[in-house]
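What follows is the content of my_file18.txt, which has compact mmCIF, C-alpha atoms:
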```txt
# COMPACT_ATOMS: atom_id res chain seq x y z
CA MET A 88 226.81 112.06 25.22
CA VAL A 89 226.20 115.72 25.76
CA ASN A 90 225.43 117.57 22.56
CA ARG A 91 226.68 121.01 23.42
CA ILE A 92 226.49 123.81 20.90
CA VAL A 93 229.95 125.31 20.82
CA VAL A 94 230.08 128.87 19.57
CA GLY A 95 233.72 129.62 20.23
CA ALA A 96 233.60 130.98 23.76
CA HIS A 97 235.91 129.51 26.39
CA TYR A 98 233.30 129.19 29.15
CA GLY A 99 235.78 130.67 31.61
CA VAL A 100 238.09 127.67 31.53
CA ARG A 101 241.16 129.80 30.77
CA ASP A 102 240.45 132.02 33.80
CA TRP A 103 239.84 128.94 35.92
CA ILE A 104 243.20 127.44 34.89
CA MET A 105 244.99 130.78 35.31
CA GLN A 106 243.70 131.08 38.87
CA ARG A 107 245.02 127.58 39.72
CA ILE A 108 248.42 128.08 38.06
CA THR A 109 248.94 131.42 39.82
CA ALA A 110 247.88 129.77 43.10
CA VAL A 111 250.64 127.16 42.72
CA LEU A 112 253.12 129.90 41.72
CA MET A 113 252.34 131.91 44.88
CA LEU A 114 252.56 128.76 46.99
CA VAL A 115 256.03 127.91 45.62
CA TYR A 116 257.22 131.51 46.13
CA ALA A 117 255.85 131.61 49.69
CA VAL A 118 257.50 128.31 50.67
CA ALA A 119 260.81 129.41 49.11
CA LEU A 120 260.69 132.78 50.89
CA VAL A 121 259.97 131.15 54.27
CA LEU A 122 262.84 128.66 53.74
CA PHE A 123 265.23 131.51 52.82
CA VAL A 124 264.22 133.56 55.85
CA LEU A 125 264.73 130.55 58.12
CA ALA A 126 268.10 129.69 56.54
CA LEU A 127 269.54 133.22 56.47
CA PRO A 128 270.69 135.04 59.61
CA SER A 129 267.68 136.98 60.89
CA GLY A 130 267.60 140.76 60.80
CA TYR A 131 267.41 143.86 58.67
CA GLU A 132 270.75 143.45 56.83
CA SER A 133 270.23 139.96 55.43
CA TRP A 134 266.58 140.73 54.54
CA LYS A 135 267.73 143.77 52.59
CA ALA A 136 270.57 141.83 50.97
CA LEU A 137 268.10 139.14 49.84
CA PHE A 138 265.88 141.71 48.12
CA SER A 139 268.83 143.45 46.44
CA GLN A 140 269.47 140.26 44.40
CA GLY A 141 268.28 140.62 40.83
CA TRP A 142 266.72 137.16 40.62
CA VAL A 143 264.81 137.65 43.89
CA ARG A 144 263.40 140.92 42.51
CA ILE A 145 262.40 139.30 39.22
CA LEU A 146 260.76 136.30 40.92
CA THR A 147 258.99 138.65 43.36
CA VAL A 148 257.54 140.78 40.55
CA ILE A 149 256.50 137.67 38.59
CA THR A 150 254.72 136.42 41.72
CA TYR A 151 253.00 139.82 42.15
CA LEU A 152 251.78 139.52 38.59
CA GLY A 153 250.41 136.13 39.65
CA VAL A 154 248.70 137.77 42.65
CA VAL A 155 247.09 140.36 40.37
CA LEU A 156 245.78 137.79 37.87
CA HIS A 157 244.59 135.50 40.69
CA ALA A 158 242.82 138.34 42.50
CA TRP A 159 241.26 139.55 39.24
CA VAL A 160 239.55 136.19 38.62
CA GLY A 161 238.49 135.94 42.27
CA MET A 162 237.07 139.45 42.54
CA ARG A 163 235.38 139.16 39.14
CA ASP A 164 233.64 136.01 40.43
CA VAL A 165 232.54 137.85 43.59
CA TRP A 166 231.06 140.75 41.58
CA MET A 167 229.35 138.34 39.16
CA ASP A 168 227.81 136.44 42.11
CA TYR A 169 226.48 139.39 44.08
CA ILE A 170 226.07 142.38 41.75
CA LYS A 171 223.32 141.90 39.18
CA PRO A 172 222.79 145.35 37.56
CA ALA A 173 225.14 145.45 34.55
CA GLY A 174 226.17 149.09 35.04
CA ILE A 175 227.27 148.69 38.66
CA ARG A 176 228.98 145.38 37.88
CA LEU A 177 230.93 146.92 35.00
CA THR A 178 231.94 149.81 37.27
CA MET A 179 233.18 147.38 39.94
CA HIS A 180 235.14 145.44 37.28
CA VAL A 181 236.80 148.65 36.08
CA LEU A 182 237.60 149.76 39.65
CA THR A 183 239.06 146.30 40.40
CA ILE A 184 241.32 146.50 37.33
CA LEU A 185 242.46 150.02 38.29
CA TRP A 186 243.11 148.94 41.90
CA LEU A 187 245.12 145.86 40.84
CA THR A 188 247.09 147.73 38.17
CA GLY A 189 247.94 150.42 40.72
CA CYS A 190 249.05 147.79 43.24
CA PHE A 191 251.20 146.11 40.62
CA PHE A 192 253.07 149.30 39.68
CA TYR A 193 253.46 150.17 43.35
CA SER A 194 255.01 146.74 43.98
CA ILE A 195 257.47 147.20 41.09
CA LYS A 196 258.44 150.59 42.53
CA VAL A 197 259.00 149.04 45.97
CA VAL A 198 260.90 145.96 44.80
CA TRP A 199 263.19 147.94 42.49
CA GLY A 200 263.47 150.87 44.89
CA LEU A 201 262.63 153.40 42.18
CA MET B 159 208.61 111.71 48.06
CA GLN B 160 209.19 115.37 48.76
CA LYS B 161 211.22 116.06 51.88
CA GLN B 162 210.06 118.84 54.15
CA ARG B 163 212.97 121.22 54.01
CA PRO B 164 213.02 124.82 55.09
CA LYS B 165 213.20 127.03 52.02
CA HIS B 166 214.60 130.44 52.76
CA LEU B 167 217.75 132.53 52.37
CA ASP B 168 217.71 133.98 55.88
CA LEU B 169 221.40 134.49 56.62
CA ALA B 170 220.71 134.47 60.36
CA LYS B 171 219.11 131.02 60.17
CA ILE B 172 221.21 129.23 57.57
CA ARG B 173 223.53 126.69 59.16
CA LEU B 174 226.43 125.95 56.84
CA PRO B 175 228.26 122.61 57.04
CA VAL B 176 231.98 122.83 57.90
CA PRO B 177 233.14 122.71 54.24
CA GLY B 178 230.68 125.55 53.55
CA ILE B 179 232.18 127.61 56.36
CA VAL B 180 235.68 127.02 54.94
CA SER B 181 234.43 128.02 51.51
CA ILE B 182 232.79 131.31 52.52
CA LEU B 183 235.77 132.22 54.74
CA HIS B 184 238.03 131.52 51.73
CA ARG B 185 236.04 134.12 49.83
CA VAL B 186 235.93 136.61 52.72
CA SER B 187 239.68 136.26 53.36
CA GLY B 188 240.38 136.65 49.64
CA VAL B 189 238.45 139.93 49.49
CA ALA B 190 240.21 141.13 52.67
CA LEU B 191 243.62 140.37 51.14
CA PHE B 192 242.59 142.11 47.88
CA LEU B 193 241.60 145.25 49.80
CA SER B 194 244.79 145.25 51.89
CA LEU B 195 247.22 144.75 48.98
CA PRO B 196 248.54 148.35 49.20
CA LEU B 197 249.11 147.91 52.95
CA LEU B 198 250.99 144.64 52.37
CA ILE B 199 253.20 146.26 49.70
CA TYR B 200 253.74 149.23 52.01
CA LEU B 201 254.91 146.79 54.71
CA LEU B 202 257.51 145.35 52.31
CA GLN B 203 258.59 148.88 51.40
CA GLY B 204 259.02 149.77 55.08
CA SER B 205 261.01 146.63 55.78
CA LEU B 206 263.39 147.52 52.92
CA SER B 207 263.69 151.25 53.69
CA SER B 208 266.82 153.04 54.85
CA ALA B 209 267.98 152.82 58.49
CA GLU B 210 266.29 156.02 59.76
CA ASP B 211 263.02 155.35 57.92
CA PHE B 212 263.18 151.80 59.25
CA GLU B 213 262.91 153.02 62.87
CA ARG B 214 259.82 155.08 62.01
CA TYR B 215 258.38 152.03 60.25
CA ARG B 216 259.08 149.83 63.28
CA ALA B 217 257.25 152.24 65.54
CA MET B 218 254.22 152.24 63.22
CA VAL B 219 254.08 148.46 62.83
CA GLY B 220 254.66 148.07 66.58
CA HIS B 221 251.48 149.98 67.45
CA PRO B 222 249.06 147.57 69.22
CA LEU B 223 246.18 148.48 66.90
CA MET B 224 248.37 147.85 63.85
CA LYS B 225 249.47 144.54 65.34
CA LEU B 226 245.82 143.48 65.68
CA VAL B 227 245.15 144.37 62.03
CA LEU B 228 248.26 142.48 60.94
CA ILE B 229 247.30 139.38 62.94
CA GLY B 230 243.85 139.55 61.32
CA LEU B 231 245.51 139.70 57.90
CA LEU B 232 247.88 136.89 58.89
CA TRP B 233 244.84 134.71 59.61
CA ALA B 234 243.25 135.75 56.30
CA LEU B 235 246.44 134.77 54.46
CA LEU B 236 246.85 131.44 56.28
CA HIS B 237 243.20 130.49 55.91
CA HIS B 238 243.20 131.43 52.22
CA LEU B 239 246.42 129.42 51.74
CA CYS B 240 245.27 126.29 53.62
CA ALA B 241 241.77 126.31 52.11
CA GLY B 242 243.33 126.99 48.69
CA ILE B 243 245.56 123.91 48.96
CA ARG B 244 242.48 121.88 49.91
CA PHE B 245 240.56 123.24 46.88
CA LEU B 246 243.46 122.35 44.57
CA PHE B 247 243.27 118.75 45.80
CA LEU B 248 239.48 118.76 45.31
CA ASP B 249 240.08 120.05 41.76
CA ILE B 250 242.17 116.95 40.98
CA HIS B 251 239.46 114.78 42.59
CA LYS B 252 241.35 113.97 45.76
CA GLY B 253 239.44 113.91 49.04
CA LEU B 254 235.98 114.14 47.54
CA GLU B 255 234.39 111.57 49.90
CA LEU B 256 232.02 113.20 52.40
CA GLN B 257 233.90 112.09 55.52
CA THR B 258 237.32 113.08 54.08
CA ALA B 259 236.00 116.42 52.84
CA ARG B 260 234.58 117.21 56.29
CA ALA B 261 237.80 116.14 58.02
CA THR B 262 240.04 118.23 55.73
CA ALA B 263 237.70 121.22 56.11
CA LYS B 264 238.02 120.99 59.90
CA ALA B 265 241.78 120.59 59.53
CA VAL B 266 241.95 123.79 57.43
CA LEU B 267 240.05 125.76 60.09
CA VAL B 268 242.16 124.40 62.96
CA VAL B 269 245.57 124.58 61.26
CA SER B 270 245.12 128.17 60.09
CA LEU B 271 243.90 129.30 63.52
CA VAL B 272 246.71 127.48 65.37
CA LEU B 273 249.37 128.84 62.97
CA THR B 274 247.94 132.35 63.38
CA ALA B 275 248.04 131.99 67.17
CA VAL B 276 251.62 130.64 67.19
CA LEU B 277 252.99 133.24 64.73
CA GLY B 278 250.91 135.97 66.38
CA VAL B 279 252.43 135.24 69.80
CA LEU B 280 255.92 135.05 68.26
CA VAL B 281 255.72 138.47 66.58
CA TRP B 282 253.71 140.32 69.26
```
Can you dump the structure from the file as C-alpha cells?
Amino acid sequence: MVNRIVVGAHYGVRDWIMQRITAVLMLVYAVALVLFVLALPSGYESWKALFSQGWVRILTVITYLGVVLHAWVGMRDVWMDYIKPAGIRLTMHVLTILWLTGCFFYSIKVVWGL
Amino acid sequence: MQKQRPKHLDLAKIRLPVPGIVSILHRVSGVALFLSLPLLIYLLQGSLSSAEDFERYRAMVGHPLMKLVLIGLLWALLHHLCAGIRFLFLDIHKGLELQTARATAKAVLVVSLVLTAVLGVLVW
C-alpha cells in the first residue's frame, strides 16, 4: 500500500490521456483519409471536391486541434527533459504555444479557404 | 554484488538497444513534424488552390530538393505513426515481454523504412 500525500494536483495524467486520445483520433482520421483517396478517382478535381464537403472540413479541423494538443504535450515533455533553467524553459513553452496556435489558425484558413 | 558497468553519458559511446532507438527516433520525428507543421499545411493549401496556382505549386513540390525534404518528412510521419501504435499497445500492457518488445521495435523500424521507400518511389 503506497501512502501518497495527495494535494490536488493531477500529476500530468490528464495530459497523458489527452495525448493518447488525440493519437487515436489522428490515426482514425489518417486511415479514413487514405481509404477515401484510394476509393475516389485520383486527381485534382475529386481531391478538391472531397475538401469542399462541410463534414470533411469539420473533421479535418477537429483533427488539427488534436494535432495541436498532441504536439503541445510532446514538445512540453521535450523542453522539460532537456531545458533546466526556468526562464528559458518558460520562453520555449510560450513560443511553442504561439507556434501551435498560429498553425491552427493557418489550418482553419486553408481548410475553409478564407 | 556490484556489476562493473561503464558509467558515463558519452553520446558517441552509448549503444542503445533497438527499442531505445525506436523511442529516440519517435521523439526526433515528433519534433521534426512539429517544426514542419506550417509546411505541411502549406502543402494542403497548394493542393486545394485554383488551377493556375496549382501549376505553380506542382513545380515547387516537384523540385528534387523539395522531394527529398518531403520524403524525409514522410519517413518522420510513418515512423512516428508506427512507433506510436506500438507505444499505445505498450500502454495497455500488450507486448511487454523482452523478446516481443524487441521484435515489435525492429518491425517498427523496418515497416516505416519500407513504406517510406515504396511511397517515395511511387511519388518521385
Let me have the centre and edge lengths of the axis-aligned box enclosing all listed atoms of range 217-223 of chain B with 4 Å padding on every side, in Å to one decimal, as JSON.
```
{"center_x": 251.7, "center_y": 149.9, "center_z": 66.0, "size_x": 19.1, "size_y": 12.7, "size_z": 14.4}
```
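With distances restricted to only C-alpha atoms, B:Leu198 is the closest residue to chain A from B:His166, B:Val219, B:Leu254, B:Leu198.
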Each chain A residue no farther than 7 Å from chain B, nearest pair in Å, only C-alpha atoms, as a Markdown table:
```
| residue | atom | partner | partner_atom | distance |
| --- | --- | --- | --- | --- |
| A:Lys135 | CA | B:Leu206 | CA | 5.7 |
| A:Ala158 | CA | B:Phe192 | CA | 6.6 |
| A:Cys190 | CA | B:Pro196 | CA | 6.0 |
| A:Ser194 | CA | B:Ile199 | CA | 6.0 |
| A:Val197 | CA | B:Gln203 | CA | 5.4 |
```
Take CA of Leu273 in chain B and CA of Ala241 in chain B and report the distance between them in Å, one decimal.
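Atom-to-atom, CA of Leu273 in chain B to CA of Ala241 in chain B, that is 13.5 Å.
Restricting the calculation to all atoms listed in the file, the smallest distance between Arg260 in chain B and any of B:Leu167, B:Ile172, B:Ile179, B:Cys240 is found for B:Ile179.
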